[in-house]
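What's in run_23.cif: mmCIF, C-alpha atoms
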data_coords
loop_
_atom_site.label_atom_id
_atom_site.label_comp_id
_atom_site.auth_asym_id
_atom_site.auth_seq_id
_atom_site.Cartn_x
_atom_site.Cartn_y
_atom_site.Cartn_z
CA MET A 1 194.23 210.30 117.29
CA ALA A 2 193.92 207.58 114.66
CA TYR A 3 194.57 208.02 110.97
CA GLY A 4 193.08 206.08 108.08
CA VAL A 5 194.52 205.21 104.67
CA ILE A 6 191.81 204.33 102.15
CA GLN A 7 193.00 202.56 99.01
CA PHE A 8 190.52 202.36 96.13
CA VAL A 9 191.16 199.26 94.01
CA GLU A 10 189.64 198.43 90.63
CA ALA A 11 189.89 194.87 89.33
CA GLY A 12 192.80 194.21 91.70
CA LYS A 13 194.81 197.35 90.80
CA PRO A 14 195.16 200.37 93.12
CA VAL A 15 193.79 203.51 91.47
CA ALA A 16 193.55 206.11 94.27
CA THR A 17 194.66 206.59 97.86
CA LEU A 18 192.91 208.86 100.33
CA VAL A 19 193.99 209.73 103.87
CA ARG A 20 192.12 210.88 106.93
CA ALA A 21 194.88 212.24 109.17
CA GLU A 22 192.39 212.38 112.06
CA HIS A 23 189.35 210.27 112.91
CA GLY A 24 190.64 207.32 110.91
CA GLN A 25 189.32 204.72 113.37
CA PRO A 26 186.87 202.18 111.95
CA THR A 27 183.81 202.85 114.10
CA GLY A 28 182.15 205.60 116.08
CA ALA A 29 180.27 208.73 115.15
CA ASP A 30 182.97 209.69 112.63
CA GLY A 31 184.48 206.27 111.89
CA VAL A 32 185.81 205.47 108.42
CA MET A 33 184.23 202.01 108.16
CA ASP A 34 180.85 203.48 109.01
CA ALA A 35 181.31 206.17 106.34
CA LEU A 36 182.39 203.57 103.75
CA ALA A 37 179.45 201.31 104.64
CA ALA A 38 177.02 204.21 104.22
CA PHE A 39 178.69 205.06 100.89
CA ILE A 40 178.29 201.47 99.68
CA GLU A 41 174.66 201.45 100.80
CA GLN A 42 174.06 204.68 98.90
CA THR A 43 175.81 203.64 95.68
CA SER A 44 175.09 199.89 95.48
CA PRO A 45 171.65 200.15 93.82
CA THR A 46 173.17 202.17 90.97
CA LEU A 47 176.17 199.84 90.67
CA LEU A 48 173.92 196.80 90.49
CA ARG A 49 171.72 198.43 87.82
CA GLN A 50 174.32 200.21 85.70
CA GLY A 51 177.63 198.57 86.59
CA SER A 52 180.72 200.01 88.19
CA PRO A 53 181.87 203.45 87.03
CA GLY A 54 185.41 202.43 88.07
CA GLY A 55 187.53 202.82 91.17
CA LEU A 56 188.82 206.31 90.43
CA TYR A 57 185.33 207.70 90.00
CA MET A 58 184.23 205.97 93.22
CA ALA A 59 187.19 207.59 95.02
CA GLU A 60 186.13 210.98 93.65
CA LEU A 61 182.55 210.45 94.83
CA PHE A 62 183.71 209.37 98.29
CA THR A 63 186.06 212.36 98.53
CA ALA A 64 183.22 214.75 97.66
CA ARG A 65 181.01 213.05 100.26
CA GLU A 66 183.73 213.40 102.92
CA VAL A 67 184.33 217.07 102.10
CA GLN A 68 180.59 217.77 102.23
CA ALA A 69 180.42 216.04 105.64
CA GLY A 70 183.23 218.27 106.92
CA ASN A 71 185.81 215.47 107.26
CA ALA A 72 189.45 216.33 106.59
CA ILE A 73 190.25 214.02 103.68
CA ARG A 74 193.42 214.23 101.56
CA VAL A 75 194.36 212.70 98.20
CA VAL A 76 197.80 211.09 98.10
CA GLY A 77 199.61 212.39 95.02
CA GLY A 78 196.93 215.03 94.49
CA GLN A 79 197.41 218.75 93.96
CA GLY A 80 195.94 221.79 95.63
CA GLU A 81 194.03 222.03 98.87
CA LEU A 82 193.25 218.30 99.13
CA GLY A 83 196.63 217.08 97.88
CA MET A 84 199.11 215.19 100.06
CA SER A 85 202.48 213.77 99.10
CA ALA A 86 203.35 210.14 99.70
CA GLU A 87 206.11 211.35 102.02
CA GLU A 88 203.57 213.26 104.15
CA ALA A 89 201.37 210.18 104.31
CA GLY A 90 204.37 208.08 105.35
CA ARG A 91 205.08 210.41 108.28
CA LEU A 92 201.67 209.95 109.90
CA SER A 93 202.01 208.68 113.44
CA GLY A 94 199.78 207.07 116.00
CA GLN A 95 197.33 204.24 115.46
CA GLY A 96 196.62 203.76 111.79
CA TYR A 97 194.09 201.75 109.82
CA TYR A 98 194.27 200.62 106.21
CA TYR A 99 191.03 200.26 104.27
CA GLU A 100 190.83 198.59 100.88
CA PHE A 101 187.73 199.57 98.91
CA SER A 102 187.46 197.19 95.94
CA VAL A 103 185.26 197.42 92.86
CA GLY A 104 185.25 195.40 89.68
CA PRO A 105 186.24 196.80 86.30
CA GLU A 106 184.03 199.41 84.66
CA GLY A 107 180.63 197.93 83.91
CA ASP A 108 180.95 195.13 86.50
CA ARG A 109 177.75 194.71 88.51
CA SER A 110 179.27 193.23 91.66
CA PRO A 111 178.84 195.22 94.86
CA PRO A 112 181.98 196.86 96.26
CA THR A 113 183.79 195.34 99.22
CA VAL A 114 185.81 196.89 102.04
CA HIS A 115 188.51 195.24 104.13
CA MET A 116 190.19 196.92 107.10
CA THR A 117 193.57 196.08 108.61
CA PRO A 118 195.32 197.92 111.46
CA VAL A 119 198.61 199.48 110.43
CA SER A 120 201.39 198.11 112.63
CA GLU A 121 203.84 200.43 114.22
CA PRO A 122 207.41 199.66 113.15
CA PRO A 123 209.42 197.86 115.83
CA ARG A 124 211.29 200.19 118.16
CA THR A 125 215.04 200.03 118.24
CA SER A 126 216.83 200.97 121.44
#
Could I get this structure in the form of structure tokens?
Amino acid sequence: MAYGVIQFVEAGKPVATLVRAEHGQPTGADGVMDALAAFIEQTSPTLLRQGSPGGLYMAELFTAREVQAGNAIRVVGGQGELGMSAEEAGRLSGQGYYYEFSVGPEGDRSPPTVHMTPVSEPPRTS
């Protein structure tokens, strides 16, 4: 099963990291890239009219959307039910994907962008 690490970036600075420990692959019925694309499609008209509310707020909105859809999403460094430590995130195994969701600074009217990169497995030592 694939995992996905979703980094929300505002004006070039990371502001929040989410993890899907399962179903982190880019495409398919429950793919992360498809969910992010739908999220951008849903929020872009507001961003273009009113400007960006910031990366942290966008991460919160996406987290709420994922929870409502029934996807197991975790917040790295968060507390409570959705919280996950950085150590836990670092122990994820299997095929991983890194997604960078970028927005401009608060008030910026540029649409968000998403870039995906497969996470490489560390080289095996005999």
Exercise. Of the candidates A:Val119, A:Val19, A:Met1, A:Val9, which shows the shortest atom-to-atom distance to A:Glu88, using all atoms listed in the file?
Worked result: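 Residue with the minimum atom-to-atom distance to A:Glu88: A:Val19.
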For this session: Up to 7 Å from (187.9, 195.5, 105.8) in the file's coordinates: name the residues, counting all atoms listed in the file, as a VMD selection string.
Result: chain A and resid 99 to 100 114 to 117
Just C-alpha atoms for this one: save the residues we selected as a PDB file, keeping the file's coordinate frame.
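The result, written out as again.pdb:
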ATOM      1  CA  TYR A  99     191.030 200.260 104.270  1.00  0.00           C
ATOM      2  CA  GLU A 100     190.830 198.590 100.880  1.00  0.00           C
ATOM      3  CA  VAL A 114     185.810 196.890 102.040  1.00  0.00           C
ATOM      4  CA  HIS A 115     188.510 195.240 104.130  1.00  0.00           C
ATOM      5  CA  MET A 116     190.190 196.920 107.100  1.00  0.00           C
ATOM      6  CA  THR A 117     193.570 196.080 108.610  1.00  0.00           C
TER       7      THR A 117
END
Exercise. When you draw a straight line from atom CA of A:Ser110 to atom CA of A:Ala29, how long is it in Å?
Worked result: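 Going from atom CA of A:Ser110 over to atom CA of A:Ala29, I get 28.2 Å.
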Exercise. What's the 12 Å shell around stretch 47-64 of chain A, counting all atoms listed in the file, without same-chain residues fewer than 5 positions away, as an MDAnalysis selection string?
Worked result: chainID A and resid 6:20 32 35:42 69:76 78 82:83 100:113
I need the chosen residues saved as a compact mmCIF listing (two decimals), keeping the file's coordinate frame, with C-alpha atoms.
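This went into again01.txt:
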# COMPACT_ATOMS: atom_id res chain seq x y z
CA ILE A 6 191.81 204.33 102.15
CA GLN A 7 193.00 202.56 99.01
CA PHE A 8 190.52 202.36 96.13
CA VAL A 9 191.16 199.26 94.01
CA GLU A 10 189.64 198.43 90.63
CA ALA A 11 189.89 194.87 89.33
CA GLY A 12 192.80 194.21 91.70
CA LYS A 13 194.81 197.35 90.80
CA PRO A 14 195.16 200.37 93.12
CA VAL A 15 193.79 203.51 91.47
CA ALA A 16 193.55 206.11 94.27
CA THR A 17 194.66 206.59 97.86
CA LEU A 18 192.91 208.86 100.33
CA VAL A 19 193.99 209.73 103.87
CA ARG A 20 192.12 210.88 106.93
CA VAL A 32 185.81 205.47 108.42
CA ALA A 35 181.31 206.17 106.34
CA LEU A 36 182.39 203.57 103.75
CA ALA A 37 179.45 201.31 104.64
CA ALA A 38 177.02 204.21 104.22
CA PHE A 39 178.69 205.06 100.89
CA ILE A 40 178.29 201.47 99.68
CA GLU A 41 174.66 201.45 100.80
CA GLN A 42 174.06 204.68 98.90
CA ALA A 69 180.42 216.04 105.64
CA GLY A 70 183.23 218.27 106.92
CA ASN A 71 185.81 215.47 107.26
CA ALA A 72 189.45 216.33 106.59
CA ILE A 73 190.25 214.02 103.68
CA ARG A 74 193.42 214.23 101.56
CA VAL A 75 194.36 212.70 98.20
CA VAL A 76 197.80 211.09 98.10
CA GLY A 78 196.93 215.03 94.49
CA LEU A 82 193.25 218.30 99.13
CA GLY A 83 196.63 217.08 97.88
CA GLU A 100 190.83 198.59 100.88
CA PHE A 101 187.73 199.57 98.91
CA SER A 102 187.46 197.19 95.94
CA VAL A 103 185.26 197.42 92.86
CA GLY A 104 185.25 195.40 89.68
CA PRO A 105 186.24 196.80 86.30
CA GLU A 106 184.03 199.41 84.66
CA GLY A 107 180.63 197.93 83.91
CA ASP A 108 180.95 195.13 86.50
CA ARG A 109 177.75 194.71 88.51
CA SER A 110 179.27 193.23 91.66
CA PRO A 111 178.84 195.22 94.86
CA PRO A 112 181.98 196.86 96.26
CA THR A 113 183.79 195.34 99.22
For this session: Between atom CA of A:Gly28 and atom CA of A:Ser44, measure the distance and give it in Å to one decimal.
Result: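 It comes out at 22.5 Å.
One finds atom CA of A:Arg65 at 16.2 Å from atom CA of A:Val5.
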For this session: Take the PyMOL selection byres ((chain A and resi 3) around 8), apply it to the structure above, and return the hits as JSON, numbers by chain.
Result: {"A": [1, 2, 4, 5, 19, 20, 21, 22, 23, 24, 25, 92, 93, 94, 95, 96, 97]}
